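Here is the file work-v8.cif (mmCIF, N, CA and C atoms).
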data_upload
#
loop_
_atom_site.label_atom_id
_atom_site.label_comp_id
_atom_site.auth_asym_id
_atom_site.auth_seq_id
_atom_site.Cartn_x
_atom_site.Cartn_y
_atom_site.Cartn_z
N MET A 1 71.97 107.41 78.92
CA MET A 1 70.89 108.22 79.44
C MET A 1 69.64 107.91 78.62
N ASN A 2 68.56 107.65 79.31
CA ASN A 2 67.30 107.39 78.64
C ASN A 2 66.73 108.67 78.05
N GLU A 3 65.86 108.48 77.07
CA GLU A 3 65.21 109.62 76.44
C GLU A 3 64.41 110.42 77.47
N VAL A 4 63.77 109.73 78.42
CA VAL A 4 62.97 110.42 79.44
C VAL A 4 63.86 111.25 80.36
N GLU A 5 65.09 110.81 80.57
CA GLU A 5 66.01 111.55 81.43
C GLU A 5 66.48 112.84 80.78
N GLU A 6 66.40 112.91 79.46
CA GLU A 6 66.78 114.13 78.77
C GLU A 6 65.71 115.19 79.05
N PRO A 7 66.09 116.46 79.05
CA PRO A 7 65.12 117.51 79.38
C PRO A 7 63.89 117.52 78.46
N TRP A 8 64.07 117.16 77.19
CA TRP A 8 62.95 117.19 76.25
C TRP A 8 62.08 115.95 76.36
N GLY A 9 62.51 114.97 77.15
CA GLY A 9 61.74 113.74 77.31
C GLY A 9 60.73 113.79 78.44
N VAL A 10 60.80 114.81 79.27
CA VAL A 10 59.90 114.91 80.42
C VAL A 10 58.47 115.15 79.95
N ASP A 11 58.28 116.08 79.04
CA ASP A 11 56.96 116.36 78.46
C ASP A 11 57.15 116.53 76.96
N PRO A 12 57.31 115.42 76.23
CA PRO A 12 57.65 115.51 74.80
C PRO A 12 56.60 116.21 73.95
N ASP A 13 55.32 116.06 74.29
CA ASP A 13 54.28 116.73 73.50
C ASP A 13 54.37 118.25 73.63
N ARG A 14 54.54 118.70 74.85
CA ARG A 14 54.68 120.15 75.07
C ARG A 14 55.96 120.66 74.40
N PHE A 15 57.04 119.90 74.55
CA PHE A 15 58.30 120.30 73.92
C PHE A 15 58.09 120.48 72.42
N ARG A 16 57.45 119.51 71.79
CA ARG A 16 57.22 119.56 70.34
C ARG A 16 56.35 120.76 69.96
N ARG A 17 55.30 121.03 70.75
CA ARG A 17 54.42 122.18 70.46
C ARG A 17 55.20 123.50 70.55
N VAL A 18 55.95 123.65 71.63
CA VAL A 18 56.72 124.89 71.81
C VAL A 18 57.78 125.01 70.72
N GLN A 19 58.43 123.91 70.39
CA GLN A 19 59.46 123.92 69.35
C GLN A 19 58.85 124.32 68.00
N LEU A 20 57.71 123.76 67.67
CA LEU A 20 57.05 124.08 66.40
C LEU A 20 56.67 125.56 66.36
N LYS A 21 56.12 126.05 67.45
CA LYS A 21 55.69 127.45 67.52
C LYS A 21 56.90 128.40 67.47
N LEU A 22 57.96 128.04 68.17
CA LEU A 22 59.13 128.92 68.28
C LEU A 22 60.04 128.86 67.05
N LEU A 23 60.31 127.65 66.55
CA LEU A 23 61.34 127.48 65.52
C LEU A 23 60.82 126.99 64.18
N GLY A 24 59.63 126.42 64.14
CA GLY A 24 59.07 125.97 62.87
C GLY A 24 59.24 124.48 62.60
N GLN A 25 58.59 124.04 61.54
CA GLN A 25 58.55 122.63 61.19
C GLN A 25 59.94 122.06 60.88
N ALA A 26 60.77 122.81 60.19
CA ALA A 26 62.10 122.32 59.82
C ALA A 26 62.92 121.98 61.07
N ALA A 27 62.80 122.79 62.10
CA ALA A 27 63.54 122.53 63.35
C ALA A 27 63.02 121.28 64.02
N VAL A 28 61.71 121.07 63.99
CA VAL A 28 61.13 119.86 64.58
C VAL A 28 61.65 118.63 63.85
N GLU A 29 61.67 118.69 62.53
CA GLU A 29 62.14 117.55 61.73
C GLU A 29 63.62 117.29 61.97
N GLU A 30 64.42 118.34 62.05
CA GLU A 30 65.86 118.17 62.32
C GLU A 30 66.07 117.54 63.69
N PHE A 31 65.31 117.96 64.67
CA PHE A 31 65.43 117.41 66.01
C PHE A 31 65.07 115.92 66.01
N VAL A 32 64.02 115.56 65.30
CA VAL A 32 63.61 114.15 65.20
C VAL A 32 64.72 113.34 64.54
N ARG A 33 65.32 113.88 63.47
CA ARG A 33 66.42 113.17 62.80
C ARG A 33 67.60 112.95 63.76
N LYS A 34 67.91 113.97 64.53
CA LYS A 34 69.03 113.85 65.48
C LYS A 34 68.71 112.83 66.57
N ARG A 35 67.46 112.80 67.02
CA ARG A 35 67.08 111.80 68.04
C ARG A 35 67.21 110.39 67.49
N ARG A 36 66.81 110.21 66.24
CA ARG A 36 66.97 108.89 65.61
C ARG A 36 68.44 108.54 65.47
N SER A 37 69.22 109.53 65.08
CA SER A 37 70.66 109.31 64.95
C SER A 37 71.27 108.91 66.29
N LEU A 38 70.85 109.59 67.35
CA LEU A 38 71.34 109.24 68.69
C LEU A 38 70.96 107.81 69.05
N ALA A 39 69.74 107.43 68.77
CA ALA A 39 69.30 106.06 69.07
C ALA A 39 70.13 105.05 68.30
N ASN A 40 70.43 105.35 67.03
CA ASN A 40 71.25 104.44 66.24
C ASN A 40 72.68 104.35 66.78
N TRP A 41 73.26 105.49 67.11
CA TRP A 41 74.62 105.47 67.66
C TRP A 41 74.68 104.70 68.97
N LYS A 42 73.63 104.81 69.77
CA LYS A 42 73.58 104.05 71.03
C LYS A 42 73.54 102.55 70.75
N LYS A 43 72.77 102.15 69.73
CA LYS A 43 72.73 100.73 69.36
C LYS A 43 74.10 100.26 68.89
N TYR A 44 74.75 101.06 68.05
CA TYR A 44 76.08 100.69 67.56
C TYR A 44 77.08 100.61 68.71
N GLU A 45 76.97 101.55 69.64
CA GLU A 45 77.86 101.56 70.80
C GLU A 45 77.66 100.29 71.63
N ARG A 46 76.42 99.92 71.85
CA ARG A 46 76.12 98.71 72.62
C ARG A 46 76.66 97.47 71.89
N ALA A 47 76.49 97.42 70.58
CA ALA A 47 77.00 96.30 69.80
C ALA A 47 78.52 96.21 69.92
N SER A 48 79.20 97.35 69.93
CA SER A 48 80.65 97.35 70.08
C SER A 48 81.06 96.86 71.47
N ARG A 49 80.29 97.22 72.49
CA ARG A 49 80.58 96.73 73.84
C ARG A 49 80.46 95.20 73.89
N ILE A 50 79.43 94.68 73.25
CA ILE A 50 79.24 93.23 73.20
C ILE A 50 80.39 92.58 72.43
N ASP A 51 80.75 93.16 71.28
CA ASP A 51 81.87 92.63 70.49
C ASP A 51 83.16 92.63 71.29
N LEU A 52 83.37 93.69 72.06
CA LEU A 52 84.58 93.77 72.87
C LEU A 52 84.61 92.66 73.91
N GLY A 53 83.49 92.41 74.54
CA GLY A 53 83.41 91.32 75.51
C GLY A 53 83.69 89.97 74.86
N MET A 54 83.14 89.77 73.67
CA MET A 54 83.38 88.51 72.96
C MET A 54 84.84 88.37 72.56
N ALA A 55 85.45 89.46 72.10
CA ALA A 55 86.86 89.41 71.70
C ALA A 55 87.76 89.12 72.90
N ARG A 56 87.44 89.70 74.03
CA ARG A 56 88.23 89.43 75.25
C ARG A 56 88.07 87.98 75.69
N HIS A 57 86.84 87.48 75.60
CA HIS A 57 86.59 86.09 75.95
C HIS A 57 87.40 85.17 75.03
N LYS A 58 87.39 85.44 73.74
CA LYS A 58 88.13 84.63 72.76
C LYS A 58 89.63 84.66 73.09
N TYR A 59 90.13 85.83 73.43
CA TYR A 59 91.54 85.97 73.78
C TYR A 59 91.90 85.07 74.96
N HIS A 60 91.10 85.16 76.02
CA HIS A 60 91.39 84.37 77.22
C HIS A 60 91.22 82.88 76.97
N TYR A 61 90.22 82.52 76.18
CA TYR A 61 90.01 81.12 75.85
C TYR A 61 91.22 80.56 75.10
N GLU A 62 91.66 81.27 74.07
CA GLU A 62 92.80 80.80 73.26
C GLU A 62 94.06 80.72 74.12
N GLU A 63 94.23 81.68 75.00
CA GLU A 63 95.41 81.72 75.85
C GLU A 63 95.42 80.54 76.82
N GLU A 64 94.26 80.23 77.40
CA GLU A 64 94.19 79.15 78.38
C GLU A 64 94.16 77.77 77.73
N ALA A 65 93.52 77.66 76.56
CA ALA A 65 93.40 76.35 75.91
C ALA A 65 94.75 75.88 75.38
N ALA A 66 95.52 76.77 74.85
CA ALA A 66 96.87 76.49 74.35
C ALA A 66 96.89 75.31 73.38
N PHE A 67 95.93 75.28 72.46
CA PHE A 67 95.95 74.27 71.40
C PHE A 67 97.09 74.60 70.44
N PRO A 68 97.49 73.63 69.60
CA PRO A 68 98.56 73.91 68.64
C PRO A 68 98.26 75.18 67.82
N GLY A 69 99.25 76.04 67.71
CA GLY A 69 99.10 77.30 66.98
C GLY A 69 98.39 78.38 67.79
N TRP A 70 98.33 78.21 69.09
CA TRP A 70 97.57 79.13 69.93
C TRP A 70 98.16 80.54 69.94
N GLN A 71 99.50 80.65 69.77
CA GLN A 71 100.12 81.98 69.82
C GLN A 71 99.57 82.89 68.71
N GLU A 72 99.40 82.32 67.51
CA GLU A 72 98.87 83.12 66.40
C GLU A 72 97.43 83.55 66.67
N ARG A 73 96.65 82.64 67.24
CA ARG A 73 95.25 82.96 67.52
C ARG A 73 95.14 83.99 68.65
N VAL A 74 96.04 83.90 69.62
CA VAL A 74 96.05 84.89 70.70
C VAL A 74 96.46 86.26 70.14
N GLU A 75 97.43 86.28 69.24
CA GLU A 75 97.85 87.53 68.62
C GLU A 75 96.70 88.14 67.81
N TYR A 76 96.00 87.29 67.06
CA TYR A 76 94.85 87.77 66.28
C TYR A 76 93.77 88.31 67.22
N ALA A 77 93.50 87.59 68.30
CA ALA A 77 92.48 88.03 69.26
C ALA A 77 92.88 89.36 69.89
N SER A 78 94.17 89.53 70.15
CA SER A 78 94.67 90.78 70.71
C SER A 78 94.45 91.94 69.73
N LEU A 79 94.73 91.70 68.47
CA LEU A 79 94.50 92.73 67.45
C LEU A 79 93.01 93.05 67.32
N ARG A 80 92.20 92.02 67.42
CA ARG A 80 90.74 92.22 67.34
C ARG A 80 90.25 93.08 68.52
N ILE A 81 90.79 92.83 69.70
CA ILE A 81 90.42 93.63 70.88
C ILE A 81 90.76 95.10 70.63
N GLU A 82 91.94 95.37 70.13
CA GLU A 82 92.34 96.75 69.85
C GLU A 82 91.42 97.40 68.83
N GLU A 83 91.09 96.65 67.77
CA GLU A 83 90.21 97.17 66.72
C GLU A 83 88.83 97.51 67.28
N VAL A 84 88.28 96.61 68.09
CA VAL A 84 86.94 96.84 68.64
C VAL A 84 86.98 97.98 69.66
N GLN A 85 88.06 98.10 70.43
CA GLN A 85 88.17 99.22 71.38
C GLN A 85 88.17 100.56 70.65
N GLN A 86 88.89 100.63 69.54
CA GLN A 86 88.91 101.86 68.76
C GLN A 86 87.53 102.17 68.18
N GLN A 87 86.87 101.13 67.70
CA GLN A 87 85.51 101.30 67.17
C GLN A 87 84.57 101.80 68.26
N LEU A 88 84.68 101.21 69.45
CA LEU A 88 83.84 101.61 70.57
C LEU A 88 84.10 103.07 70.95
N GLU A 89 85.35 103.48 70.96
CA GLU A 89 85.68 104.87 71.28
C GLU A 89 85.06 105.83 70.27
N ARG A 90 85.14 105.48 68.97
CA ARG A 90 84.55 106.35 67.94
C ARG A 90 83.03 106.44 68.12
N ARG A 91 82.41 105.30 68.38
CA ARG A 91 80.96 105.29 68.52
C ARG A 91 80.53 106.03 69.79
N SER A 92 81.28 105.88 70.86
CA SER A 92 80.96 106.61 72.09
C SER A 92 81.10 108.11 71.87
N GLU A 93 82.10 108.50 71.12
CA GLU A 93 82.29 109.92 70.80
C GLU A 93 81.12 110.43 69.96
N ASN A 94 80.65 109.62 69.02
CA ASN A 94 79.50 110.02 68.21
C ASN A 94 78.25 110.16 69.06
N VAL A 95 78.08 109.30 70.05
CA VAL A 95 76.95 109.42 70.97
C VAL A 95 77.05 110.74 71.73
N ARG A 96 78.23 111.04 72.27
CA ARG A 96 78.41 112.29 73.01
C ARG A 96 78.15 113.51 72.13
N GLU A 97 78.70 113.50 70.91
CA GLU A 97 78.52 114.64 70.01
C GLU A 97 77.06 114.83 69.62
N THR A 98 76.37 113.74 69.32
CA THR A 98 74.97 113.84 68.93
C THR A 98 74.12 114.31 70.09
N ARG A 99 74.40 113.80 71.29
CA ARG A 99 73.65 114.23 72.47
C ARG A 99 73.88 115.72 72.73
N GLU A 100 75.12 116.17 72.56
CA GLU A 100 75.43 117.59 72.75
C GLU A 100 74.72 118.45 71.71
N GLU A 101 74.67 117.97 70.49
CA GLU A 101 73.97 118.71 69.44
C GLU A 101 72.47 118.79 69.74
N LEU A 102 71.91 117.71 70.24
CA LEU A 102 70.49 117.74 70.63
C LEU A 102 70.26 118.76 71.75
N ARG A 103 71.15 118.79 72.70
CA ARG A 103 71.01 119.77 73.79
C ARG A 103 71.08 121.20 73.26
N ARG A 104 71.98 121.40 72.31
CA ARG A 104 72.11 122.73 71.70
C ARG A 104 70.83 123.11 70.95
N LEU A 105 70.26 122.15 70.20
CA LEU A 105 69.03 122.41 69.47
C LEU A 105 67.84 122.63 70.41
N ALA A 106 67.88 121.96 71.55
CA ALA A 106 66.76 122.03 72.50
C ALA A 106 66.83 123.26 73.40
N ALA A 107 67.99 123.87 73.53
CA ALA A 107 68.18 124.96 74.50
C ALA A 107 67.16 126.09 74.37
N PRO A 108 66.92 126.64 73.17
CA PRO A 108 65.96 127.75 73.11
C PRO A 108 64.53 127.31 73.47
N VAL A 109 64.20 126.08 73.12
CA VAL A 109 62.85 125.57 73.43
C VAL A 109 62.70 125.38 74.93
N LEU A 110 63.71 124.81 75.55
CA LEU A 110 63.66 124.60 77.00
C LEU A 110 63.62 125.93 77.75
N GLU A 111 64.34 126.91 77.23
CA GLU A 111 64.33 128.24 77.84
C GLU A 111 62.94 128.85 77.75
N ARG A 112 62.31 128.73 76.58
CA ARG A 112 60.95 129.26 76.42
C ARG A 112 59.98 128.55 77.36
N MET A 113 60.13 127.23 77.50
CA MET A 113 59.27 126.47 78.41
C MET A 113 59.47 126.93 79.85
N ARG A 114 60.72 127.19 80.22
CA ARG A 114 61.02 127.67 81.57
C ARG A 114 60.38 129.03 81.81
N ILE A 115 60.47 129.91 80.83
CA ILE A 115 59.87 131.24 80.94
C ILE A 115 58.35 131.13 81.07
N GLU A 116 57.76 130.25 80.27
CA GLU A 116 56.31 130.05 80.37
C GLU A 116 55.93 129.51 81.75
N ASP A 117 56.73 128.58 82.26
CA ASP A 117 56.45 128.02 83.59
C ASP A 117 56.55 129.10 84.67
N GLU A 118 57.58 129.94 84.56
CA GLU A 118 57.74 131.03 85.53
C GLU A 118 56.58 132.01 85.43
N GLY A 119 56.14 132.27 84.22
CA GLY A 119 55.02 133.19 84.02
C GLY A 119 53.74 132.64 84.62
N SER A 120 53.50 131.35 84.44
CA SER A 120 52.27 130.77 85.00
C SER A 120 52.38 130.66 86.52
N SER A 121 53.59 130.43 87.03
CA SER A 121 53.79 130.38 88.48
C SER A 121 53.57 131.75 89.09
N ALA A 122 54.08 132.78 88.43
CA ALA A 122 53.90 134.14 88.94
C ALA A 122 52.42 134.51 88.91
N HIS A 123 51.74 134.09 87.87
CA HIS A 123 50.30 134.36 87.77
C HIS A 123 49.56 133.67 88.90
N ALA A 124 49.94 132.44 89.20
CA ALA A 124 49.30 131.69 90.29
C ALA A 124 49.60 132.35 91.64
N LEU A 125 50.81 132.85 91.82
CA LEU A 125 51.17 133.50 93.08
C LEU A 125 50.40 134.80 93.28
N ARG A 126 50.10 135.49 92.18
CA ARG A 126 49.35 136.74 92.29
C ARG A 126 47.87 136.48 92.54
N GLY A 127 47.49 135.22 92.55
CA GLY A 127 46.10 134.89 92.84
C GLY A 127 45.28 134.63 91.60
N GLY A 128 45.92 134.58 90.47
CA GLY A 128 45.20 134.34 89.23
C GLY A 128 44.64 132.94 89.13
N ALA A 129 45.27 131.99 89.78
CA ALA A 129 44.79 130.61 89.70
C ALA A 129 43.89 130.25 90.86
N LEU A 130 43.76 131.15 91.81
CA LEU A 130 42.95 130.85 93.00
C LEU A 130 41.53 131.20 92.81
#

Rewritten as structure tokens:
Amino acid sequence: MNEVEEPWGVDPDRFRRVQLKLLGQAAVEEFVRKRRSLANWKKYERASRIDLGMARHKYHYEEEAAFPGWQERVEYASLRIEEVQQQLERRSENVRETREELRRLAAPVLERMRIEDEGSSAHALRGGAL
């Protein structure tokens, strides 16, 4: 999911202003740290996906080439695939956990923004904006 697709990515400046006003500077800094952490975990996850593809390619190459000693290389490639799959699962879990934590941190800010939007909409409906 792209940063823009996240609820706080739609209007990041407003989100930051409301967050600062509602929760303070420490909350803003923590949120920024978590966003950086999410970006890093996504990079690691992508790298693991690439590694997994390379390990699978190596496995199939060794299996098809059948050069002398190919069984040992195929066994090693098989073990490498398992290792990279486990790594990918851990990294994907870290992405999910970090994204969930960001959503939890963003919830009160998004709620305040929603309330403000409803308030301005109600004001406009009453003729205040006309």

Q | Exercise: Arg99 in chain A partners within 8 Å, all atoms listed in the file, chain neighbours under 5 positions left out, as a PyMOL selection string | A | chain A and resi 34+37-38+93-94+104-105

Select all residues near (67.0, 122.0, 77.8) (cut-off 6 Å, inclusive, file coordinates), counting only N, CA and C atoms, and output them as a list in words. Pro7, Trp8, Ala106, Ala107, Leu110 and Glu111 of chain A

Starting from 5 Å padding per side, set up an axis-aligned box that covers all listed atoms of range 89-107 of chain A and hand over centre and edge lengths in Å, one decimal, as AutoDock Vina command-line options.
--center_x 76.2 --center_y 114.8 --center_z 71.2 --size_x 28.9 --size_y 32.6 --size_z 16.6

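Each of A:Glu62, A:Asp13, A:Asp117, A:Asp51 was compared to Val84 in chain A using only C-alpha atoms, and A:Asp51 turns out to be the nearest.
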
In terms of only C-alpha atoms, the residue from A:Leu88, A:Leu102, A:Val74, A:Val10 at minimal distance from Glu30 in chain A is A:Leu102

| Distance of atom N of Gln86 in chain A from atom N of Tyr59 in chain A, expressed in Å to one decimal place |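 Pair atom N of Tyr59 in chain A / atom N of Gln86 in chain A returns 15.4 Å.
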